[in-house]
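*Asks:* Before I ask anything, let me first share the structure, which is written out below as structure tokens.
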Amino acid sequence: MRSQVRAQVPVRLSHVTLVYDGGVRALDNVSLEVARGERVCVLGANGSGKSTLASVICGLLAPDEGEVELVGERVCADGTPDLVAYRRARRSLGLVFQNPDDQIVTSVVEDDVAFGPENLGLPREEIATRVTRELHRVAMDDYAKADPSRLSGGQRQRVTIAGALAMEPQVLVLDEPGSLLDVRGRAAILRVMGRLAAAGTTLVHVTHFMEEALEASRVIVMDRGRVVLEGTPDEVFSHGDLLLGLGLEVPFAARLSRRLGLPWTCDEQTLVNELSEIRGAGPFASSAPPSETSEPAPPASPLLQVEHVSFAYDRGGRALDDVSFKVEAGTSTAIIGQTGSGKSTLLRLICGLEAPDEGRILVNGNDTFSRRGRRAARRAVGYVMQHPERQLFAETVEKDVAFGPRNLRLPAEEVERRVSRALEIVGLSDRRDASPFKLSGGQRRLCALAGILAMAPRILVLDEPTAGLDPRGRAMLRGVLAHLREQGITLVQVTHSMEDAARCDRVIALDQSRLVAMGGPREVFSRANERRLCENGLGIPRSLRVARELERRGWPALGDPLTTDELVTSIEGACAAQDSRAACPPLNQEREPRGA
Amino acid sequence: MALRISVGQYVAARSPIHGLDARVKLVCVLATLVAVFCVSNLAQLALAAAFVLAALLLSRVPADRVLASVRPLMVFLAVLSLFNLFFVRTGDVVATLGPLSVTSGGVLAAALYTARFALALVMGSLIMLTTTPTQLSDAFDRMLSPLSRLGLPGHQIAMVFSLMMRFIPTLADEATAIIDAQSLRGGAFDEGGPVQRVRSVAPVVVALLASGLRHADGLSRALDARCYEGGEGRTHFHEQRLGIRDAIAALATLAFVTALVALA
């Protein structure tokens with residue numbers, strides 16, 4: 001086994017350009033060095049070239065122009081790749097990317113971790129040592145003999161990380177490792193990365209979650225194949241407007257500190273410390289918390305009734321256990337819960353894909369127990385599954401969207417009217433002749449959504465509609481959903497984002513197949529429920545979290561701010577109510593933006 | 001979940017069958033399969049059933065898992081037995097059912113053919129349930145290595161097989177999701193004439209194909225990243241050494257086949 005000298009600068013790209021077939025410049029004159037032990041985070045919207053950059057860094061793609069030096073091997077000079085050097089370099093480079101399913105090659109966890117070392121031709125004892133060590137490192141020791149397909153997405157992704165680490169790479173490249181995972185899975189991946197960074201592993205982490213970049217030693221922002229910003233997280237996130245323009249976001253703390261006119265920070269803890277100091281010595285006047293927006297008055301008839309529903313798949317325990325709730329027409333409902341809590345099953349029952357074992361479901365008055373009732377339910381409900389873009393099939397966007405209405409045997413003009421309308425709602429009118437496979441990730445999802453809207457459903461049921469999208473895609477989708485709500489369409493969505501849940505009229509929390517909380521967001525995220533939600537791994541919206549933290553540190557009651565706007569109002573209200581002698585800085589004065 | 005495929009779902013356990021060398025297991029199972037398909041009288045059937053049952057008990061695989069992996073073909077088995085029951089015309093007529101009549105030969109054939117097919121299925125699923133895809137592909141790899149020496153891709157065939165086993169459940173899940181989604185959009189897959197039917201599955205097939213390509217893309221990226229370069233220079237995590245156990249298994253299989261031939 002050749003042991004390679006650990007390079008001081010394991011990644012060195014200079015003036016690298018890479019053009020895909022069709023003339024797309026995925027990388028445009030990129031120069032970049034990553035030193036040993038660094039934790040570099042690459043940010044960028046879809047199509048910014050960040051995934052291509054990841055492939056170049058881990059030696060899977062050779063650029064057309066420029067020079068690449070990886071782990072001390074000069075693999076590409078003047079756009080001419082040295083394939084032998086590439087093969088040598090790849091042995092010391094590790095990659096983990098979005099979909100764990102594509103990266104797991106066997107059906108036993110430890111065999112999969114062993115796959116890389118086997119390919120390296122290591123002796124058996126060495127492989128065994130590494131498998132044990134790396135599974136321990138990602139806290140998967142107990143699952144060595146497990147079947148990956150029975151693990152959660154987060155656990156699977158940890159197996160792939162162990163598989164990459166077992167090859168003892170000098171650089172580990174993680175290309176959006178958390179984008180297909182739920183909140184808990186993503187948090188676990190971040191913890192593993194933190195441990196790796198502490199142990200001195202060189203990490204290159206590509207992501208479109210801004211908060212994940214805060215721990216990095218350096219952040220690189222890509223746009224249209226170029227590096228547009230580079231620096232520490234603090235430096236990069238101070239360019240808020242520029243980031244927004246690139247289709248990215250700034251972390252919550254950065255937004256909040258700016259809104260409040262406080263010294264700029266993107267660290268939530270610093271911000272909370274700052275705010276607790278501001279409070280000063282003076283007692284607050286007992287200010288009434290900002291007026292709460294009242295719950296919308298419940299309309300007359302529920303469109304959807306779920307009554308004492310239980311359901312179990314063939315094998316295994318109950319997926320749903322005695323769940324009851326109602327959804328009024330024209331409202332929006334969020335269903336929250338961990339992976340495996342029964343959320344997706346509940347949606348399948350609502351859409352009439354399954355019939356309940358016990359209890360009943362009425363959709364628009366139709367009992368889904370009978371076949372006829374299920375058929376009627378399917379007409380009333382539009383079901384947007386997870387990753388609905390995987391169902392696209394037609395040559396053009398227009399034909400795909402028309403698939404549903406055509407199946408209904410509607411007259412041609414009606415089909416045309418519905419297609420145009422659906423495309424208009426999702427904002428894809430100008431792409432109707434494009435191939436759905438040529439659209440961006442966010443657009444593909446909107447196209448799939450249009451296909452369901454064209455069925456003219458009364459209730460739209462969505463399973464994690466924003467999962468896997470970049471900030472721009474998420475914003476587009478939220479916009480469309482808000483618009484649909486204004487039009488009176490009833491929305492029921494499963495979400496992992498407590499912020500999204502807080503924007504709905506009602507929130508339903510499931511845990512281990514049971515309904516554990518239900519009501520308006522203020523009720524569900526109330527103090528009484530807070531601990532239970534956090535114990536269930538769900539948490540509360542971050543504005544509320546900051547407010548509670550401030551209250552713990554001596555601020556007066558801040559009400560229940562569910563959004564950043566409400567939090568800002570609460571804090572300003574509390575400050576205004578405080579006596580003028582208090583050391584409260586002028587909070588409402590907008591700070592001048594830094595840099596650009 | 002219409003397409004829950006559980007073929008090839010390994011059940012982890014410590015048992016004499018799990019512990020066998022995969023090559024020996026493969027050869028023994030193949031020999032048993034051939035023998036079982038040659039069963040033509042009840043004595044042989046009893047012996048074969050005893051042998052398969054013994055293997056099953058030794059493997060410590062829960063019965064419901066065996067059943068689950070055989071279930072998809074049960075319908076086929078039932079149809080097969082009905083055919084035998086009604087269309088075999090040897091022996092005496094036992095019963096008449098309108099235009100159909102059942103003969104004693106038909107009853108025997110129905111029982112025999114169905115039973116031996118079921119035994120073969122159980123035996124076949126047993127190897128999948130007790131052998132990891134890695135062990136299987138390693139075994140294939142070794143057994144096909146003479147092919148490699150002739151310049152044929154023996155190792156690659158084994159690898160493709162192993163990946164196939166790994167991706168069947170994933171693709172089945174996706175197919176289910178796509179079928180559900182398209183039928184919710186009014187797609188009907190069981191109506192109309194043949195042309196219409198072919199046309200109606202296009203929305204599913206095209207989407208599934210696209211998803212298959214996406215997996216293939218991801219997989220090739222993963223294989224490259226993990227330095228998979230074919231069989232050369234590759235070592236194996238699991239030892240493949242023939243032991244006393246393997247000899248016993250081979251002898252037991254040999255004894256079974258011999259006894260079966262003797263009973264013919």
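All residue names refer to the structure tokens as shown: chains lettered A, B, ... in order, residues numbered from 1 in each chain, ligands numbered from 1 in order.
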Please report as a compact mmCIF listing (two decimals) with N, CA and C atoms, in the first residue's frame which residues of chain A come no farther than 7 Å from chain B, using only C-alpha atoms.
*Replies:*
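The resulting file, out07.txt, is shown below:
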```txt
# COMPACT_ATOMS: atom_id res chain seq x y z
N LEU A 60 -13.27 13.89 -9.72
CA LEU A 60 -14.17 13.13 -10.59
C LEU A 60 -14.41 13.82 -11.92
N ARG A 90 -7.35 10.27 -6.38
CA ARG A 90 -8.69 9.89 -5.91
C ARG A 90 -8.64 8.97 -4.69
N ARG A 91 -7.53 8.22 -4.59
CA ARG A 91 -7.44 7.32 -3.43
C ARG A 91 -7.39 8.08 -2.12
N GLY A 94 -12.28 11.92 -0.56
CA GLY A 94 -13.57 11.28 -0.26
C GLY A 94 -14.72 12.18 -0.66
N LEU A 95 -15.82 11.56 -1.05
CA LEU A 95 -17.00 12.34 -1.45
C LEU A 95 -18.27 11.74 -0.85
N ASP A 102 -28.09 6.36 -3.53
CA ASP A 102 -27.23 6.12 -4.68
C ASP A 102 -25.81 5.77 -4.27
N GLN A 103 -25.49 5.98 -2.99
CA GLN A 103 -24.10 5.80 -2.58
C GLN A 103 -23.87 4.51 -1.83
N VAL A 105 -23.87 0.66 -1.78
CA VAL A 105 -23.80 -0.33 -2.84
C VAL A 105 -24.17 -1.73 -2.38
N THR A 106 -24.30 -1.94 -1.08
CA THR A 106 -24.66 -3.28 -0.62
C THR A 106 -25.85 -3.19 0.33
N SER A 107 -26.31 -4.32 0.81
CA SER A 107 -27.45 -4.30 1.73
C SER A 107 -27.07 -4.61 3.16
N VAL A 108 -25.79 -4.46 3.49
CA VAL A 108 -25.37 -4.60 4.89
C VAL A 108 -24.47 -3.40 5.20
N ASP A 111 -20.63 -3.95 5.33
CA ASP A 111 -20.09 -4.28 4.01
C ASP A 111 -19.95 -3.04 3.16
N ALA A 114 -17.00 -1.14 4.16
CA ALA A 114 -15.79 -1.84 3.75
C ALA A 114 -15.52 -1.71 2.25
N GLY A 116 -15.06 0.75 0.05
CA GLY A 116 -13.94 1.60 -0.36
C GLY A 116 -12.60 0.99 -0.02
N GLU A 118 -11.86 -2.03 0.44
CA GLU A 118 -11.65 -3.21 -0.42
C GLU A 118 -11.09 -2.77 -1.77
N ASN A 119 -11.67 -1.70 -2.28
CA ASN A 119 -11.21 -1.22 -3.58
C ASN A 119 -9.77 -0.72 -3.52
N LEU A 120 -9.38 -0.22 -2.34
CA LEU A 120 -8.01 0.24 -2.18
C LEU A 120 -7.05 -0.94 -2.03
N GLY A 121 -7.60 -2.13 -1.90
CA GLY A 121 -6.76 -3.32 -1.80
C GLY A 121 -6.11 -3.48 -0.44
N LEU A 122 -6.77 -3.01 0.61
CA LEU A 122 -6.20 -3.11 1.95
C LEU A 122 -6.36 -4.53 2.49
N PRO A 123 -5.43 -4.93 3.40
CA PRO A 123 -5.58 -6.26 4.01
C PRO A 123 -6.82 -6.33 4.90
N ARG A 124 -7.30 -7.55 5.07
CA ARG A 124 -8.57 -7.77 5.75
C ARG A 124 -8.61 -7.18 7.16
N ILE A 127 -9.06 -3.48 7.09
CA ILE A 127 -10.43 -3.11 6.74
C ILE A 127 -11.32 -3.23 7.95
N ALA A 128 -11.19 -4.34 8.68
CA ALA A 128 -12.04 -4.57 9.85
C ALA A 128 -11.84 -3.46 10.87
N LYS A 145 -24.62 -4.58 11.28
CA LYS A 145 -25.18 -5.67 10.48
C LYS A 145 -26.54 -5.30 9.87
N ARG A 378 -60.41 11.27 -4.18
CA ARG A 378 -59.29 11.53 -5.08
C ARG A 378 -59.59 12.70 -6.02
N ARG A 390 -40.30 13.89 -9.61
CA ARG A 390 -39.91 12.57 -10.11
C ARG A 390 -41.01 11.94 -10.93
N GLN A 391 -42.20 12.54 -10.93
CA GLN A 391 -43.30 11.96 -11.71
C GLN A 391 -43.43 12.59 -13.10
N LEU A 392 -42.59 13.57 -13.39
CA LEU A 392 -42.69 14.22 -14.69
C LEU A 392 -42.28 13.24 -15.78
N PHE A 393 -42.96 13.29 -16.93
CA PHE A 393 -42.64 12.30 -17.96
C PHE A 393 -42.79 12.83 -19.38
N GLY A 404 -53.44 15.23 -16.54
CA GLY A 404 -54.60 15.03 -15.66
C GLY A 404 -55.91 15.42 -16.31
N ASN A 407 -57.06 13.07 -18.92
CA ASN A 407 -57.60 11.82 -18.38
C ASN A 407 -59.05 12.00 -17.92
N LEU A 408 -59.38 13.23 -17.54
CA LEU A 408 -60.77 13.49 -17.13
C LEU A 408 -61.68 13.59 -18.34
N ILE A 452 -50.92 19.03 -10.87
CA ILE A 452 -51.95 18.66 -9.89
C ILE A 452 -53.01 19.76 -9.80
```
*Asks:* So that I can check the surroundings of Ala109 in chain B, please list as a ChimeraX atom specification every protein, DNA and RNA residue that reaches within 10 Å of it, counting only C-alpha atoms and ignoring chain neighbours fewer than 2 positions away.
*Replies:* /B:40-41,81,83-85,87-88,90,103-107,111-115
*Asks:* Using only C-alpha atoms, which residues sit within 10 Å of Thr331 in chain A once same-chain residues fewer than 2 positions away are excluded, as an NGL selection string?
*Replies:* :A and (296 or 298-299 or 302-303 or 327-329 or 333 or 459 or 485-486 or 488-492 or 504-506)
*Asks:* Determine which residues of range 18-233 of chain B receive a DSSP assignment of strand (DSSP E), computed from the backbone, and state them as a list in words.
*Replies:*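 Reading the DSSP output for range 18-233 of chain B, strand (DSSP E) covers Val93, Val94, Ala95, Thr96, Leu97, Leu100, Ser101, Val102 and Thr103 of chain B.
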*Asks:* For the selection just defined, write its residues with C-alpha atoms to a file, as a PDB file, in the first residue's frame.
*Replies:*
```pdb
ATOM      1  CA  VAL B  93     -62.350 -39.441 -12.925  1.00  0.00           C
ATOM      2  CA  VAL B  94     -62.790 -38.342  -9.344  1.00  0.00           C
ATOM      3  CA  ALA B  95     -65.301 -35.557  -9.731  1.00  0.00           C
ATOM      4  CA  THR B  96     -67.091 -33.605 -12.423  1.00  0.00           C
ATOM      5  CA  LEU B  97     -67.856 -29.929 -12.297  1.00  0.00           C
ATOM      6  CA  LEU B 100     -64.805 -29.871 -16.286  1.00  0.00           C
ATOM      7  CA  SER B 101     -63.754 -33.124 -14.764  1.00  0.00           C
ATOM      8  CA  VAL B 102     -61.020 -33.887 -12.302  1.00  0.00           C
ATOM      9  CA  THR B 103     -58.990 -37.063 -12.595  1.00  0.00           C
TER      10      THR B 103
END
```
*Asks:* Check the smallest atom-to-atom distance from each of B:Ala139, B:Pro146, B:Ala252, B:Gly91 to Asp21 in chain B using only C-alpha atoms, then report the winner.
*Replies:*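 For Asp21 in chain B, the nearest of the given residues is B:Ala139.
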*Asks:* Using DSSP on the backbone coordinates, identify all residues within range 441-495 of chain A classified as alpha helix (DSSP H); present the result as a list in words.
*Replies:* Gly441, Gly442, Gln443, Arg444, Arg445, Leu446, Cys447, Ala448, Leu449, Ala450, Gly451, Ile452, Leu453, Pro471, Arg472, Gly473, Arg474, Ala475, Met476, Leu477, Arg478, Gly479, Val480, Leu481, Ala482, His483, Leu484, Arg485 and Glu486 of chain A
*Asks:* Do a neighbour search on Val36 in chain B at 9 Å with only C-alpha atoms, toss out local chain neighbours closer than 2 positions, and write the hits as a CSV table (one decimal) with N, CA and C atoms, in the first residue's frame.
*Replies:*
```
chain,number,residue,atom,x,y,z
B,31,ALA,N,-28.0,-27.5,-6.9
B,31,ALA,CA,-28.1,-28.9,-7.0
B,31,ALA,C,-29.5,-29.3,-6.4
B,32,THR,N,-29.9,-28.7,-5.3
B,32,THR,CA,-31.2,-29.0,-4.7
B,32,THR,C,-32.3,-28.6,-5.6
B,33,LEU,N,-32.2,-27.5,-6.2
B,33,LEU,CA,-33.2,-27.0,-7.1
B,33,LEU,C,-33.5,-27.9,-8.2
B,34,VAL,N,-32.4,-28.4,-8.9
B,34,VAL,CA,-32.5,-29.3,-10.0
B,34,VAL,C,-33.2,-30.6,-9.5
B,38,CYS,N,-37.0,-32.5,-10.3
B,38,CYS,CA,-37.2,-33.8,-10.9
B,38,CYS,C,-38.1,-34.7,-10.0
B,39,VAL,N,-38.6,-34.2,-8.9
B,39,VAL,CA,-39.4,-35.0,-8.1
B,39,VAL,C,-40.7,-35.4,-8.8
B,44,GLN,N,-40.5,-39.2,-3.0
B,44,GLN,CA,-39.5,-38.1,-3.3
B,44,GLN,C,-39.9,-36.8,-2.8
B,45,LEU,N,-41.2,-36.5,-2.9
B,45,LEU,CA,-41.7,-35.2,-2.5
B,45,LEU,C,-41.5,-35.1,-0.9
B,48,ALA,N,-37.8,-34.5,-0.2
B,48,ALA,CA,-37.4,-33.1,-0.6
B,48,ALA,C,-38.0,-32.1,0.4
B,49,ALA,N,-39.2,-32.4,0.8
B,49,ALA,CA,-39.8,-31.4,1.8
B,49,ALA,C,-39.1,-31.5,3.1
B,116,ARG,N,-43.6,-29.1,-5.5
B,116,ARG,CA,-42.2,-29.0,-5.8
B,116,ARG,C,-41.8,-27.6,-6.2
B,117,PHE,N,-42.7,-26.9,-6.8
B,117,PHE,CA,-42.4,-25.5,-7.2
B,117,PHE,C,-42.3,-24.7,-5.9
B,119,LEU,N,-41.4,-25.7,-3.0
B,119,LEU,CA,-40.2,-26.1,-2.3
B,119,LEU,C,-39.0,-25.4,-3.0
B,120,ALA,N,-39.0,-25.4,-4.3
B,120,ALA,CA,-37.9,-24.7,-5.0
B,120,ALA,C,-37.9,-23.2,-4.7
B,257,VAL,N,-29.4,-35.8,-2.9
B,257,VAL,CA,-29.6,-36.0,-4.3
B,257,VAL,C,-29.6,-37.5,-4.6
B,260,LEU,N,-32.7,-39.2,-3.5
B,260,LEU,CA,-33.8,-38.8,-4.4
B,260,LEU,C,-33.8,-39.6,-5.6
```
*Asks:* Please indicate the distance in Å from CA of Leu449 in chain A to CA of Gln487 in chain A, rounded to one decimal place.
*Replies:*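 That distance, rounded to one decimal, is 15.7 Å.
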